[in-house]
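*Asks:* The file below is structure.csv, CSV, C-alpha atoms and all ligand atoms:
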```
chain,number,residue,atom,x,y,z
A,996,MET,CA,12.6,-61.9,-50.0
A,997,THR,CA,16.2,-63.0,-50.7
A,998,HIS,CA,17.7,-65.7,-48.6
A,999,PRO,CA,19.3,-64.8,-45.2
A,1000,ILE,CA,23.1,-65.1,-45.2
A,1001,PRO,CA,24.2,-66.6,-41.9
A,1002,ILE,CA,27.2,-65.4,-39.9
A,1003,SER,CA,28.4,-69.0,-39.5
A,1004,ALA,CA,27.6,-72.3,-41.1
A,1005,VAL,CA,28.7,-75.9,-40.5
A,1006,ASP,CA,29.9,-77.6,-43.7
A,1007,LEU,CA,31.1,-81.2,-43.2
A,1008,PRO,CA,33.3,-82.8,-45.9
A,1009,ASP,CA,32.2,-86.0,-47.7
A,1010,GLY,CA,33.4,-89.0,-45.7
A,1011,THR,CA,32.4,-87.6,-42.4
A,1012,GLU,CA,29.3,-89.8,-42.1
A,1013,ASP,CA,31.3,-92.9,-43.0
A,1014,LEU,CA,33.9,-92.2,-40.4
A,1015,VAL,CA,31.3,-91.5,-37.7
A,1016,LEU,CA,29.5,-94.8,-38.7
A,1017,GLU,CA,32.8,-96.6,-38.4
A,1018,VAL,CA,33.0,-95.4,-34.7
A,1019,LEU,CA,29.4,-96.4,-34.0
A,1020,ARG,CA,30.0,-99.9,-35.5
A,1021,SER,CA,33.3,-100.3,-33.7
A,1022,GLY,CA,31.6,-100.2,-30.3
A,1023,HIS,CA,34.5,-97.9,-29.1
A,1024,LEU,CA,32.8,-94.6,-28.5
A,1025,ALA,CA,35.0,-93.0,-25.8
A,1026,GLN,CA,38.5,-91.7,-26.2
A,1027,GLY,CA,40.3,-94.1,-28.5
A,1028,PRO,CA,42.0,-94.4,-31.9
A,1029,MET,CA,40.0,-91.6,-33.6
A,1030,VAL,CA,41.1,-89.2,-30.9
A,1031,GLU,CA,44.7,-90.2,-31.5
A,1032,ARG,CA,44.3,-89.6,-35.2
A,1033,LEU,CA,42.9,-86.1,-34.6
A,1034,GLU,CA,45.8,-85.4,-32.2
A,1035,SER,CA,48.4,-86.3,-34.8
A,1036,GLN,CA,46.7,-84.0,-37.3
A,1037,PHE,CA,47.0,-81.1,-34.7
A,1038,ALA,CA,50.6,-82.0,-34.1
A,1039,GLU,CA,51.2,-81.9,-37.8
A,1040,MET,CA,49.3,-78.6,-38.4
A,1041,THR,CA,51.2,-76.8,-35.6
A,1042,GLY,CA,54.5,-78.6,-35.9
A,1043,ALA,CA,54.3,-79.2,-32.1
A,1044,ALA,CA,55.7,-82.4,-30.6
A,1045,HIS,CA,52.5,-83.1,-28.7
A,1046,ALA,CA,48.7,-82.6,-29.1
A,1047,VAL,CA,46.3,-83.5,-26.4
A,1048,ALA,CA,42.6,-83.6,-27.2
A,1049,VAL,CA,40.1,-82.5,-24.6
A,1050,SER,CA,36.4,-81.9,-24.2
A,1051,SER,CA,36.3,-78.2,-25.2
A,1052,GLY,CA,38.4,-75.1,-25.8
A,1053,THR,CA,37.6,-73.9,-22.3
A,1054,THR,CA,38.8,-77.2,-20.7
A,1055,ALA,CA,41.9,-77.0,-22.9
A,1056,LEU,CA,42.6,-73.6,-21.3
A,1057,VAL,CA,41.9,-74.8,-17.8
A,1058,ALA,CA,44.1,-77.8,-18.2
A,1059,ALA,CA,46.9,-75.8,-19.8
A,1060,ILE,CA,46.9,-73.3,-16.9
A,1061,GLU,CA,46.6,-76.1,-14.2
A,1062,ALA,CA,49.6,-77.9,-15.9
A,1063,LEU,CA,51.7,-74.9,-14.8
A,1064,ARG,CA,51.0,-75.7,-11.2
A,1065,LEU,CA,50.3,-72.1,-10.1
A,1066,GLU,CA,49.7,-71.1,-6.5
A,1067,PRO,CA,46.6,-69.0,-5.4
A,1068,GLY,CA,47.4,-65.4,-6.1
A,1069,ASP,CA,49.7,-66.2,-9.1
A,1070,GLU,CA,48.8,-64.0,-12.0
A,1071,VAL,CA,48.0,-64.7,-15.7
A,1072,VAL,CA,48.1,-61.6,-17.9
A,1073,THR,CA,45.6,-61.7,-20.7
A,1074,SER,CA,43.4,-59.7,-23.1
A,1075,PRO,CA,40.3,-57.8,-22.0
A,1076,PHE,CA,38.9,-58.2,-25.6
A,1077,THR,CA,38.1,-61.9,-25.9
A,1078,PHE,CA,35.4,-64.5,-25.4
A,1079,VAL,CA,34.5,-65.0,-21.7
A,1080,ALA,CA,36.0,-68.5,-21.7
A,1081,THR,CA,39.5,-67.1,-21.5
A,1082,LEU,CA,38.7,-65.4,-18.2
A,1083,ASN,CA,36.6,-68.2,-16.8
A,1084,ALA,CA,39.4,-70.7,-17.5
A,1085,ILE,CA,41.9,-68.6,-15.5
A,1086,ILE,CA,39.5,-68.4,-12.6
A,1087,GLU,CA,38.6,-72.1,-12.8
A,1088,ALA,CA,42.3,-72.9,-12.7
A,1089,GLY,CA,42.7,-70.9,-9.5
A,1090,ALA,CA,44.8,-68.1,-10.8
A,1091,THR,CA,44.3,-64.4,-10.9
A,1092,ALA,CA,43.5,-62.7,-14.2
A,1093,VAL,CA,45.3,-59.4,-14.9
A,1094,PHE,CA,44.4,-57.4,-17.9
A,1095,ALA,CA,46.5,-55.3,-20.3
A,1096,ASP,CA,45.1,-53.3,-23.2
A,1097,ILE,CA,44.9,-54.5,-26.8
A,1098,ARG,CA,46.6,-52.8,-29.7
A,1099,SER,CA,44.6,-50.1,-31.5
A,1100,ASP,CA,45.0,-51.8,-34.9
A,1101,ASP,CA,44.6,-55.6,-34.8
A,1102,PHE,CA,42.5,-56.2,-31.7
A,1103,THR,CA,45.2,-58.5,-30.1
A,1104,LEU,CA,47.0,-58.1,-26.7
A,1105,ASP,CA,49.6,-55.3,-26.8
A,1106,PRO,CA,53.1,-56.5,-25.7
A,1107,ASP,CA,54.1,-53.1,-24.4
A,1108,ALA,CA,50.9,-52.9,-22.3
A,1109,VAL,CA,51.6,-56.4,-21.0
A,1110,ALA,CA,55.2,-55.5,-20.0
A,1111,ALA,CA,53.8,-52.6,-18.0
A,1112,VAL,CA,51.7,-54.9,-15.8
A,1113,VAL,CA,54.1,-57.8,-15.3
A,1114,GLY,CA,54.9,-58.0,-11.6
A,1115,PRO,CA,56.4,-60.3,-9.0
A,1116,ARG,CA,53.3,-62.6,-9.0
A,1117,THR,CA,53.0,-62.9,-12.8
A,1118,ARG,CA,53.5,-66.5,-13.9
A,1119,ALA,CA,52.0,-66.7,-17.4
A,1120,LEU,CA,51.0,-64.6,-20.5
A,1121,LEU,CA,47.8,-65.6,-22.3
A,1122,PRO,CA,47.6,-63.9,-25.6
A,1123,VAL,CA,44.4,-64.5,-27.7
A,1124,HIS,CA,44.7,-64.9,-31.5
A,1125,LEU,CA,41.5,-63.0,-32.1
A,1126,TYR,CA,39.3,-63.5,-35.2
A,1127,GLY,CA,42.0,-65.8,-36.7
A,1128,GLN,CA,44.9,-63.4,-36.6
A,1129,ALA,CA,47.9,-64.3,-34.4
A,1130,ALA,CA,48.9,-62.0,-31.6
A,1131,ASP,CA,52.6,-60.8,-31.5
A,1132,LEU,CA,54.0,-64.2,-30.4
A,1133,ASP,CA,57.6,-63.1,-31.0
A,1134,ALA,CA,57.2,-60.2,-28.5
A,1135,PHE,CA,55.5,-62.4,-25.9
A,1136,GLU,CA,58.1,-65.1,-26.2
A,1137,ALA,CA,60.8,-62.6,-25.7
A,1138,LEU,CA,59.0,-61.1,-22.7
A,1139,GLY,CA,58.3,-64.5,-21.3
A,1140,ARG,CA,62.0,-65.4,-21.5
A,1141,ARG,CA,63.1,-62.2,-19.9
A,1142,HIS,CA,60.8,-62.7,-16.9
A,1143,GLY,CA,60.6,-66.5,-16.8
A,1144,LEU,CA,56.9,-66.7,-17.7
A,1145,ALA,CA,55.0,-69.4,-19.3
A,1146,ILE,CA,53.0,-68.8,-22.5
A,1147,VAL,CA,49.5,-70.1,-23.1
A,1148,GLU,CA,48.1,-69.2,-26.5
A,1149,ASP,CA,44.3,-68.9,-26.8
A,1150,ALA,CA,44.2,-70.3,-30.4
A,1151,ALA,CA,40.4,-71.1,-30.2
A,1152,GLN,CA,39.9,-69.0,-33.3
A,1153,ALA,CA,43.2,-69.6,-35.1
A,1154,HIS,CA,43.5,-73.1,-36.6
A,1155,GLY,CA,46.4,-72.8,-39.0
A,1156,ALA,CA,47.3,-69.2,-38.4
A,1157,THR,CA,50.9,-68.3,-38.8
A,1158,VAL,CA,53.6,-65.8,-37.6
A,1159,ALA,CA,56.4,-65.3,-40.1
A,1160,GLY,CA,55.4,-68.5,-41.7
A,1161,ARG,CA,55.5,-70.5,-38.5
A,1162,PRO,CA,52.1,-71.9,-37.3
A,1163,VAL,CA,50.7,-70.8,-34.0
A,1164,GLY,CA,50.8,-73.6,-31.4
A,1165,ARG,CA,54.3,-73.9,-30.2
A,1166,ALA,CA,55.1,-70.9,-28.1
A,1167,GLY,CA,54.3,-72.8,-24.9
A,1168,GLN,CA,50.9,-74.4,-24.8
A,1169,ALA,CA,48.3,-73.5,-27.4
A,1170,CYS,CA,44.6,-74.1,-26.8
A,1171,PHE,CA,42.3,-74.8,-29.8
A,1172,SER,CA,38.5,-75.0,-29.8
A,1173,LEU,CA,36.4,-77.3,-31.9
A,1174,TYR,CA,33.1,-75.7,-31.0
A,1175,ALA,CA,30.4,-75.8,-33.7
A,1176,THR,CA,31.2,-72.3,-35.1
A,1177,LYS,CA,35.0,-72.6,-35.1
A,1178,ASN,CA,37.1,-73.1,-38.3
A,1179,VAL,CA,37.3,-76.8,-37.5
A,1180,CYS,CA,34.4,-78.1,-35.5
A,1181,THR,CA,33.3,-81.3,-33.7
A,1182,GLY,CA,30.2,-79.8,-31.9
A,1183,GLU,CA,32.3,-79.6,-28.7
A,1184,GLY,CA,36.0,-80.3,-28.3
A,1185,GLY,CA,39.4,-78.8,-27.8
A,1186,VAL,CA,43.1,-79.6,-28.3
A,1187,VAL,CA,46.2,-78.4,-26.5
A,1188,THR,CA,49.5,-78.5,-28.4
A,1189,THR,CA,52.9,-78.1,-26.9
A,1190,ASP,CA,56.6,-79.0,-27.6
A,1191,ASP,CA,57.1,-79.6,-23.9
A,1192,HIS,CA,57.1,-83.3,-22.9
A,1193,ASP,CA,56.4,-82.7,-19.2
A,1194,LEU,CA,53.5,-80.4,-19.9
A,1195,ALA,CA,52.0,-82.8,-22.4
A,1196,ASP,CA,52.3,-85.6,-19.8
A,1197,ALA,CA,50.7,-83.3,-17.1
A,1198,LEU,CA,47.8,-82.5,-19.6
A,1199,ARG,CA,47.1,-86.2,-20.3
A,1200,VAL,CA,47.0,-87.0,-16.6
A,1201,LEU,CA,44.8,-84.0,-15.9
A,1202,ARG,CA,42.2,-84.9,-18.6
A,1203,ASN,CA,41.8,-88.4,-17.2
A,1204,GLN,CA,41.0,-87.9,-13.5
A,1205,GLY,CA,44.6,-87.3,-12.5
A,1206,MET,CA,45.2,-91.0,-13.3
A,1207,ARG,CA,48.3,-92.4,-15.0
A,1208,ARG,CA,47.8,-96.0,-14.1
A,1209,ARG,CA,44.4,-97.5,-13.3
A,1210,TYR,CA,43.2,-96.3,-9.9
A,1211,GLU,CA,46.5,-94.5,-9.2
A,1212,TYR,CA,45.9,-90.8,-8.8
A,1213,GLU,CA,48.6,-88.2,-9.0
A,1214,VAL,CA,46.6,-85.0,-8.9
A,1215,ALA,CA,42.9,-84.1,-8.4
A,1216,GLY,CA,42.1,-84.2,-12.1
A,1217,HIS,CA,39.1,-84.0,-14.4
A,1218,ASN,CA,37.1,-85.9,-17.0
A,1219,TYR,CA,38.1,-83.7,-19.9
A,1220,ARG,CA,38.2,-86.5,-22.4
A,1221,MET,CA,37.0,-86.2,-26.0
A,1222,THR,CA,35.0,-89.0,-27.5
A,1223,ASP,CA,35.9,-90.9,-30.7
A,1224,LEU,CA,32.6,-89.8,-32.2
A,1225,GLN,CA,33.6,-86.2,-31.9
A,1226,ALA,CA,37.1,-86.9,-33.3
A,1227,ALA,CA,35.6,-88.6,-36.3
A,1228,VAL,CA,33.8,-85.4,-37.1
A,1229,GLY,CA,37.0,-83.4,-37.0
A,1230,ILE,CA,39.4,-85.6,-38.9
A,1231,PRO,CA,38.0,-85.0,-42.4
A,1232,GLN,CA,37.9,-81.2,-41.7
A,1233,MET,CA,41.6,-81.2,-40.7
A,1234,GLU,CA,42.4,-82.9,-44.0
A,1235,ARG,CA,40.9,-80.1,-46.0
A,1236,LEU,CA,41.8,-77.2,-43.7
A,1237,GLU,CA,44.1,-75.4,-46.1
A,1238,THR,CA,41.4,-75.3,-48.8
A,1239,VAL,CA,38.8,-73.9,-46.3
A,1240,THR,CA,41.3,-71.3,-45.0
A,1241,ALA,CA,42.0,-70.3,-48.6
A,1242,ALA,CA,38.3,-69.8,-49.2
A,1243,ARG,CA,38.0,-67.7,-46.1
A,1244,ARG,CA,40.9,-65.5,-47.2
A,1245,ALA,CA,39.4,-65.1,-50.7
A,1246,ASN,CA,36.1,-64.1,-49.2
A,1247,ALA,CA,37.9,-61.6,-46.9
A,1248,ALA,CA,39.7,-60.1,-49.9
A,1249,ALA,CA,36.4,-59.8,-51.8
A,1250,LEU,CA,34.8,-58.1,-48.8
A,1251,ASP,CA,37.7,-55.6,-48.6
A,1252,ARG,CA,37.2,-54.7,-52.3
A,1253,GLY,CA,33.4,-54.4,-51.9
A,1254,LEU,CA,33.7,-52.2,-48.8
A,1255,GLU,CA,36.4,-49.9,-50.1
A,1256,GLY,CA,35.4,-46.3,-49.9
A,1257,VAL,CA,32.4,-47.0,-47.7
A,1258,ALA,CA,32.5,-44.1,-45.2
A,1259,GLY,CA,32.6,-45.0,-41.6
A,1260,VAL,CA,33.6,-48.7,-42.2
A,1261,THR,CA,37.2,-49.8,-41.7
A,1262,ALA,CA,38.2,-53.2,-43.0
A,1263,PRO,CA,40.2,-55.5,-40.7
A,1264,PHE,CA,43.8,-54.7,-40.3
A,1265,ARG,CA,46.3,-57.3,-41.4
A,1266,GLN,CA,49.6,-57.4,-39.7
A,1267,PRO,CA,52.4,-58.0,-42.2
A,1268,ARG,CA,53.9,-61.5,-42.0
A,1269,ARG,CA,51.0,-63.0,-40.2
A,1270,GLY,CA,48.7,-65.6,-41.8
A,1271,HIS,CA,45.2,-64.5,-40.9
A,1272,VAL,CA,42.7,-67.5,-41.1
A,1273,PHE,CA,39.6,-65.2,-40.9
A,1274,HIS,CA,37.6,-67.0,-38.3
A,1275,GLN,CA,35.7,-63.7,-38.4
A,1276,TYR,CA,35.9,-60.8,-40.8
A,1277,THR,CA,35.5,-57.9,-38.4
A,1278,VAL,CA,35.1,-54.2,-39.4
A,1279,ARG,CA,35.0,-51.1,-37.3
A,1280,VAL,CA,31.9,-48.9,-37.6
A,1281,GLY,CA,33.1,-45.4,-36.8
A,1282,PRO,CA,31.7,-41.8,-36.8
A,1283,GLY,CA,31.5,-41.6,-40.6
A,1284,SER,CA,28.6,-44.0,-40.7
A,1285,ALA,CA,25.0,-42.7,-40.7
A,1286,ARG,CA,24.1,-45.5,-38.2
A,1287,ASP,CA,26.1,-46.5,-35.1
A,1288,ARG,CA,27.3,-50.1,-34.8
A,1289,ASP,CA,24.3,-51.4,-32.9
A,1290,ALA,CA,21.8,-49.7,-35.3
A,1291,LEU,CA,23.7,-51.1,-38.3
A,1292,ALA,CA,23.7,-54.6,-36.8
A,1293,THR,CA,19.9,-54.4,-36.3
A,1294,ALA,CA,19.3,-53.1,-39.8
A,1295,LEU,CA,21.6,-55.7,-41.4
A,1296,THR,CA,19.9,-58.5,-39.6
A,1297,GLU,CA,16.5,-57.2,-40.8
A,1298,ALA,CA,17.9,-57.1,-44.3
A,1299,GLY,CA,18.9,-60.8,-44.0
A,1300,VAL,CA,22.6,-60.2,-43.7
A,1301,GLY,CA,23.9,-62.1,-40.7
A,1302,CYS,CA,26.4,-60.3,-38.5
A,1303,GLY,CA,27.8,-60.5,-35.0
A,1304,VAL,CA,29.3,-58.3,-32.3
A,1305,TYR,CA,32.3,-60.1,-30.8
A,1306,TYR,CA,32.4,-58.7,-28.2
A,1307,PRO,CA,30.0,-56.0,-27.0
A,1308,ARG,CA,31.9,-55.3,-23.7
A,1309,VAL,CA,35.3,-55.8,-22.3
A,1310,VAL,CA,35.4,-59.3,-20.7
A,1311,PHE,CA,35.6,-58.3,-17.1
A,1312,ASP,CA,32.9,-55.6,-17.3
A,1313,TYR,CA,30.2,-57.6,-15.7
A,1314,ASP,CA,28.9,-57.7,-12.1
A,1315,CYS,CA,30.0,-61.3,-11.5
A,1316,TYR,CA,33.6,-60.3,-12.1
A,1317,ARG,CA,33.7,-56.9,-10.4
A,1318,GLU,CA,33.9,-58.2,-6.9
A,1319,SER,CA,36.0,-61.3,-7.7
A,1320,PRO,CA,39.4,-61.4,-5.9
A,1321,GLN,CA,40.7,-63.4,-8.9
A,1322,VAL,CA,40.0,-60.5,-11.4
A,1323,ARG,CA,42.1,-57.4,-11.5
A,1324,ALA,CA,40.4,-54.9,-13.8
A,1325,SER,CA,42.1,-51.8,-15.2
A,1326,GLY,CA,41.6,-49.0,-17.7
A,1327,VAL,CA,41.7,-50.5,-21.2
A,1328,PRO,CA,40.7,-47.7,-23.6
A,1329,ASN,CA,41.6,-49.5,-26.9
A,1330,ALA,CA,39.5,-52.5,-25.9
A,1331,GLU,CA,36.6,-50.3,-24.8
A,1332,LEU,CA,36.6,-48.5,-28.1
A,1333,ALA,CA,36.8,-51.8,-30.0
A,1334,ALA,CA,33.8,-53.2,-28.0
A,1335,ARG,CA,31.8,-50.2,-29.2
A,1336,GLU,CA,32.9,-50.4,-32.9
A,1337,VAL,CA,33.4,-54.0,-34.0
A,1338,LEU,CA,31.0,-55.8,-36.3
A,1339,SER,CA,31.7,-59.2,-37.9
A,1340,LEU,CA,30.3,-60.0,-41.4
A,1341,PRO,CA,29.9,-63.4,-43.0
A,1342,VAL,CA,33.2,-64.8,-44.3
A,1343,HIS,CA,32.8,-68.6,-44.0
A,1344,PRO,CA,33.4,-70.8,-47.0
A,1345,LEU,CA,29.7,-71.2,-47.9
A,1346,VAL,CA,29.4,-67.4,-48.6
A,1347,THR,CA,29.1,-67.0,-52.4
A,1348,ASP,CA,30.3,-64.1,-54.6
A,1349,SER,CA,26.8,-62.9,-55.0
A,1350,ASP,CA,26.4,-63.0,-51.2
A,1351,ILE,CA,29.4,-60.8,-50.9
A,1352,ASP,CA,28.0,-58.3,-53.3
A,1353,ARG,CA,24.8,-58.2,-51.3
A,1354,ILE,CA,26.6,-57.9,-48.0
A,1355,CYS,CA,28.7,-54.9,-49.3
A,1356,THR,CA,25.9,-53.2,-51.1
A,1357,THR,CA,23.7,-53.5,-48.0
A,1358,VAL,CA,26.4,-52.2,-45.7
A,1359,ALA,CA,27.1,-49.3,-48.1
A,1360,HIS,CA,23.5,-48.3,-48.2
A,1361,LEU,CA,22.7,-48.6,-44.5
A,1362,THR,CA,25.8,-46.6,-43.5
A,1363,ARG,CA,25.1,-43.8,-46.0
A,1364,PHE,CA,21.3,-43.4,-45.3
A,1365,GLY,CA,20.4,-43.4,-41.6
B,1401,LIG,C1,35.4,-70.4,-28.5
B,1401,LIG,C2,36.5,-69.8,-27.7
B,1401,LIG,C3,36.9,-70.3,-26.5
B,1401,LIG,C4,36.3,-71.5,-25.8
B,1401,LIG,O1,36.1,-72.6,-26.6
B,1401,LIG,P1,34.9,-73.7,-26.3
B,1401,LIG,O2,35.3,-74.8,-27.2
B,1401,LIG,O3,33.7,-73.0,-26.7
B,1401,LIG,O4,34.9,-74.0,-24.9
B,1401,LIG,C5,37.9,-69.7,-25.8
B,1401,LIG,N1,38.5,-68.6,-26.3
B,1401,LIG,C6,38.1,-68.0,-27.4
B,1401,LIG,C7,38.8,-66.8,-27.9
B,1401,LIG,C8,37.0,-68.6,-28.2
B,1401,LIG,O5,36.6,-68.0,-29.3
```
Using structure tokens, write down the structure from this file.
Ligand SMILES: *Cc1c(COP(=O)(O)O)cnc(C)c1O

*Replies:*
Amino acid sequence: MTHPIPISAVDLPDGTEDLVLEVLRSGHLAQGPMVERLESQFAEMTGAAHAVAVSSGTTALVAAIEALRLEPGDEVVTSPFTFVATLNAIIEAGATAVFADIRSDDFTLDPDAVAAVVGPRTRALLPVHLYGQAADLDAFEALGRRHGLAIVEDAAQAHGATVAGRPVGRAGQACFSLYATKNVCTGEGGVVTTDDHDLADALRVLRNQGMRRRYEYEVAGHNYRMTDLQAAVGIPQMERLETVTAARRANAAALDRGLEGVAGVTAPFRQPRRGHVFHQYTVRVGPGSARDRDALATALTEAGVGCGVYYPRVVFDYDCYRESPQVRASGVPNAELAAREVLSLPVHPLVTDSDIDRICTTVAHLTRFG
């Protein structure tokens, strides 16, 4: 039996253990100098003036939305095709989630569909840079300016992604995740980047119990702090991020070549002038395949080829959201089709050339013979 190829893998650079040991020996385990170093690296990566580290990508989103000081009933327009954290954060921050459909090509929020649902209560747009490809930030910024709306980028999957050469992370506030499977990981962790001084200040106060000076509270805040131990795990990865992203891109290109001509399998669409960082390599499995998406996923797993369905349903299509006054569902046919067709294949830097051959041959075989 050949070795299983996992859909994601943690690969920590040399030097990580030394840096973590340095924290352990320093006796300073909570938020401290390592967190500051990681924040400077995120500011440098995005070009943003400020980076604020927090405890997760989800709390990054909650804090970013709370920093906008919305009123109950205020609306945040977002994508129905995303990880549930995007929606949970909007609800947790007390806003109402409104959905617009995704584009039919690249899985990201469609600016035209968003423009159609912007109303008098809309306060913010929350595009998701899904799988590592940036959403159409230029269009969302233009729409935001026209209607006076804030932008919150869900950049959880998009460390180092670009639009026309410009890194994501400066449209308003951008929220990165450092969860164990993300392109940079600390186990748990998150970072918000922004050019806005007042928002950065609000984020720092919110993450630390609403406290600016000791025992002086300005708002009902949180404990969203990151520890120096986590930051020490992230710092060496940030230093070699470009190399890792290049490896992901090379693997994606090799997967494209290996899957060319495989009936029923469509390679991920790349928007021109957008630097895709391939958090996931996600194909569509359509009618030309002998197996439908779910049957193909099962057969691949049995053959030792890891794969994943991100995401099997549109995000609001669960009982716990159906009755929620903070969720306004709508028809989203592109997202519904994507949820039936998407399948992610291993693309991370530990995937070898021979792994890629095996992934492609196995997909070709299983989609041809049912
Ligand atoms: C991972 C992820 C999040 C949440 O990040 P956590 O660090 O797991 O809290 C939010 N949005 C998207 C699109 C994600 O992939």

*Asks:* Could you please give me, as a count of residues only, the residues of protein, DNA or RNA lying at most 12 Å from (34.5, -75.2, -45.6) in the coordinate frame of the file, considering all atoms listed in the file?

*Replies:* 34

*Asks:* Using only C-alpha atoms and all ligand atoms, which of the listed residues (A:Glu1213, A:Glu1183, A:Asp1131, A:Glu1336) sits closest to ligand LIG 1401 (chain B)?

*Replies:*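 Looking at the shortest contact to ligand LIG 1401 (chain B), the residue is A:Glu1183.
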
*Asks:* Counting all atoms listed in the file, what are the residues, protein, DNA or RNA alike, that approach ligand LIG 1401 (chain B) to within 9 Å? I want them as a VMD selection string.

*Replies:* chain A and resid 1050 to 1056 1076 to 1082 1084 1123 to 1126 1149 to 1153 1170 to 1177 1180 1182 to 1185

*Asks:* Could you tell me which of A:Ala1262, A:Ala1111, A:Ala1330, A:Val1257 comes closest to A:Thr1356 if we count all atoms listed in the file?

*Replies:*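 Closest to A:Thr1356, using all atoms listed in the file: A:Val1257.
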
*Asks:* Work out how far apart atom CA of A:Arg1202 and atom CA of A:Ala1058 are and give it in Å to one decimal.

*Replies:*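 Those two atoms sit 7.4 Å apart.
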
*Asks:* What gap, in Å, lies between atom CA of A:Glu1070 and atom CA of A:Ala1119?

*Replies:*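 Interatomic distance here is 6.8 Å.
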
*Asks:* Find, counting all atoms listed in the file, the residue in A:Cys1355, A:Cys1315, A:Leu1250, A:Ala1110 that gets nearest to A:Val1300.

*Replies:* A:Cys1355

*Asks:* If you measure from atom CA of A:Gly1229 to atom CA of A:Ala1046, what distance in Å do you get, rounded to one decimal?

*Replies:*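 About the pair atom CA of A:Gly1229 and atom CA of A:Ala1046: they are 14.1 Å apart.
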
*Asks:* Pick the closest to A:Gln1168 from A:Ala1095, A:Ala1195, A:Ala1298, A:Val1358: which is it, counting all atoms listed in the file?

*Replies:*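 Of all the options, A:Ala1195 lies closest to A:Gln1168.
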
*Asks:* Compile the contact shell of A:Gly1027 as a list in words: residues with an atom at most 12 Å away, counting only C-alpha atoms, same-chain residues fewer than 5 positions apart removed.

*Replies:*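 Counting only C-alpha atoms, the residues come to Val1018, Ser1021, Gly1022, Arg1032, Leu1033, Glu1034, Ala1048, Arg1220, Met1221, Thr1222, Asp1223, Leu1224, Gln1225, Ala1226 and Ala1227 of chain A.
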
*Asks:* For A:Ala1044, please output as a VMD selection string all residues within 7 Å (counting all atoms listed in the file; exclusion window: fewer than 6 positions along the same chain).

*Replies:* chain A and resid 1038 1189 to 1190

*Asks:* Filtering to C-alpha atoms, could you give me those residues as a compact mmCIF listing (two decimals), keeping the file's coordinate frame?

*Replies:*
```txt
# COMPACT_ATOMS: atom_id res chain seq x y z
CA ALA A 1038 50.60 -82.00 -34.10
CA THR A 1189 52.90 -78.10 -26.90
CA ASP A 1190 56.60 -79.00 -27.60
```

*Asks:* Write out as a PDB file with C-alpha atoms, in the frame of the given file the residues lying within 12 Å of A:Arg1140, counting all atoms listed in the file and excluding same-chain residues fewer than 5 positions away.

*Replies:*
```pdb
ATOM      1  CA  ARG A1118      53.500 -66.500 -13.900  1.00  0.00           C
ATOM      2  CA  ALA A1119      52.000 -66.700 -17.400  1.00  0.00           C
ATOM      3  CA  LEU A1120      51.000 -64.600 -20.500  1.00  0.00           C
ATOM      4  CA  ASP A1133      57.600 -63.100 -31.000  1.00  0.00           C
ATOM      5  CA  ALA A1134      57.200 -60.200 -28.500  1.00  0.00           C
ATOM      6  CA  PHE A1135      55.500 -62.400 -25.900  1.00  0.00           C
ATOM      7  CA  ALA A1145      55.000 -69.400 -19.300  1.00  0.00           C
ATOM      8  CA  ILE A1146      53.000 -68.800 -22.500  1.00  0.00           C
ATOM      9  CA  ALA A1166      55.100 -70.900 -28.100  1.00  0.00           C
ATOM     10  CA  GLY A1167      54.300 -72.800 -24.900  1.00  0.00           C
TER      11      GLY A1167
END
```

*Asks:* Which one of A:Ala1025, A:Val1158, A:Leu1104, A:Val1147 sits closest to A:Pro1267 if you count only C-alpha atoms?

*Replies:*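 When distances to A:Pro1267 are compared using only C-alpha atoms, the smallest one comes from A:Val1158.
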
*Asks:* Place a sphere of radius 9 Å on (32.9, -87.9, -17.3) in the file coordinates and name every protein, DNA or RNA residue with an atom inside or on its surface, counting all atoms listed in the file; give the answer as a list of chain:residue names.

*Replies:* A:Asn1203, A:Gln1204, A:His1217, A:Asn1218, A:Tyr1219, A:Arg1220

*Asks:* Calculated over all atoms listed in the file, which of the candidates A:Val1163, A:Leu1291, A:Ile1354, A:Val1228 has the smallest distance to A:Glu1017?

*Replies:*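 Result for the nearest residue to A:Glu1017: A:Val1228.
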
*Asks:* List the neighbours of A:Pro1282 out to 12 Å using all atoms listed in the file; skip same-chain residues closer than 6 positions along the sequence, and give me the result as a PyMOL selection string.

*Replies:* chain A and resi 1258-1261+1288+1335-1336+1362-1363

*Asks:* As number ranges by chain, please: the residues near A:Arg1308 (cut-off 7 Å, all atoms listed in the file, same-chain neighbours under 3 positions excluded).

*Replies:* A: 1312, 1331, 1334

*Asks:* Could you save the residues just selected, with C-alpha atoms, as a PDB file, in the coordinates of the input?

*Replies:*
```
ATOM      1  CA  ASP A1312      32.900 -55.600 -17.300  1.00  0.00           C
ATOM      2  CA  GLU A1331      36.600 -50.300 -24.800  1.00  0.00           C
ATOM      3  CA  ALA A1334      33.800 -53.200 -28.000  1.00  0.00           C
TER       4      ALA A1334
END
```
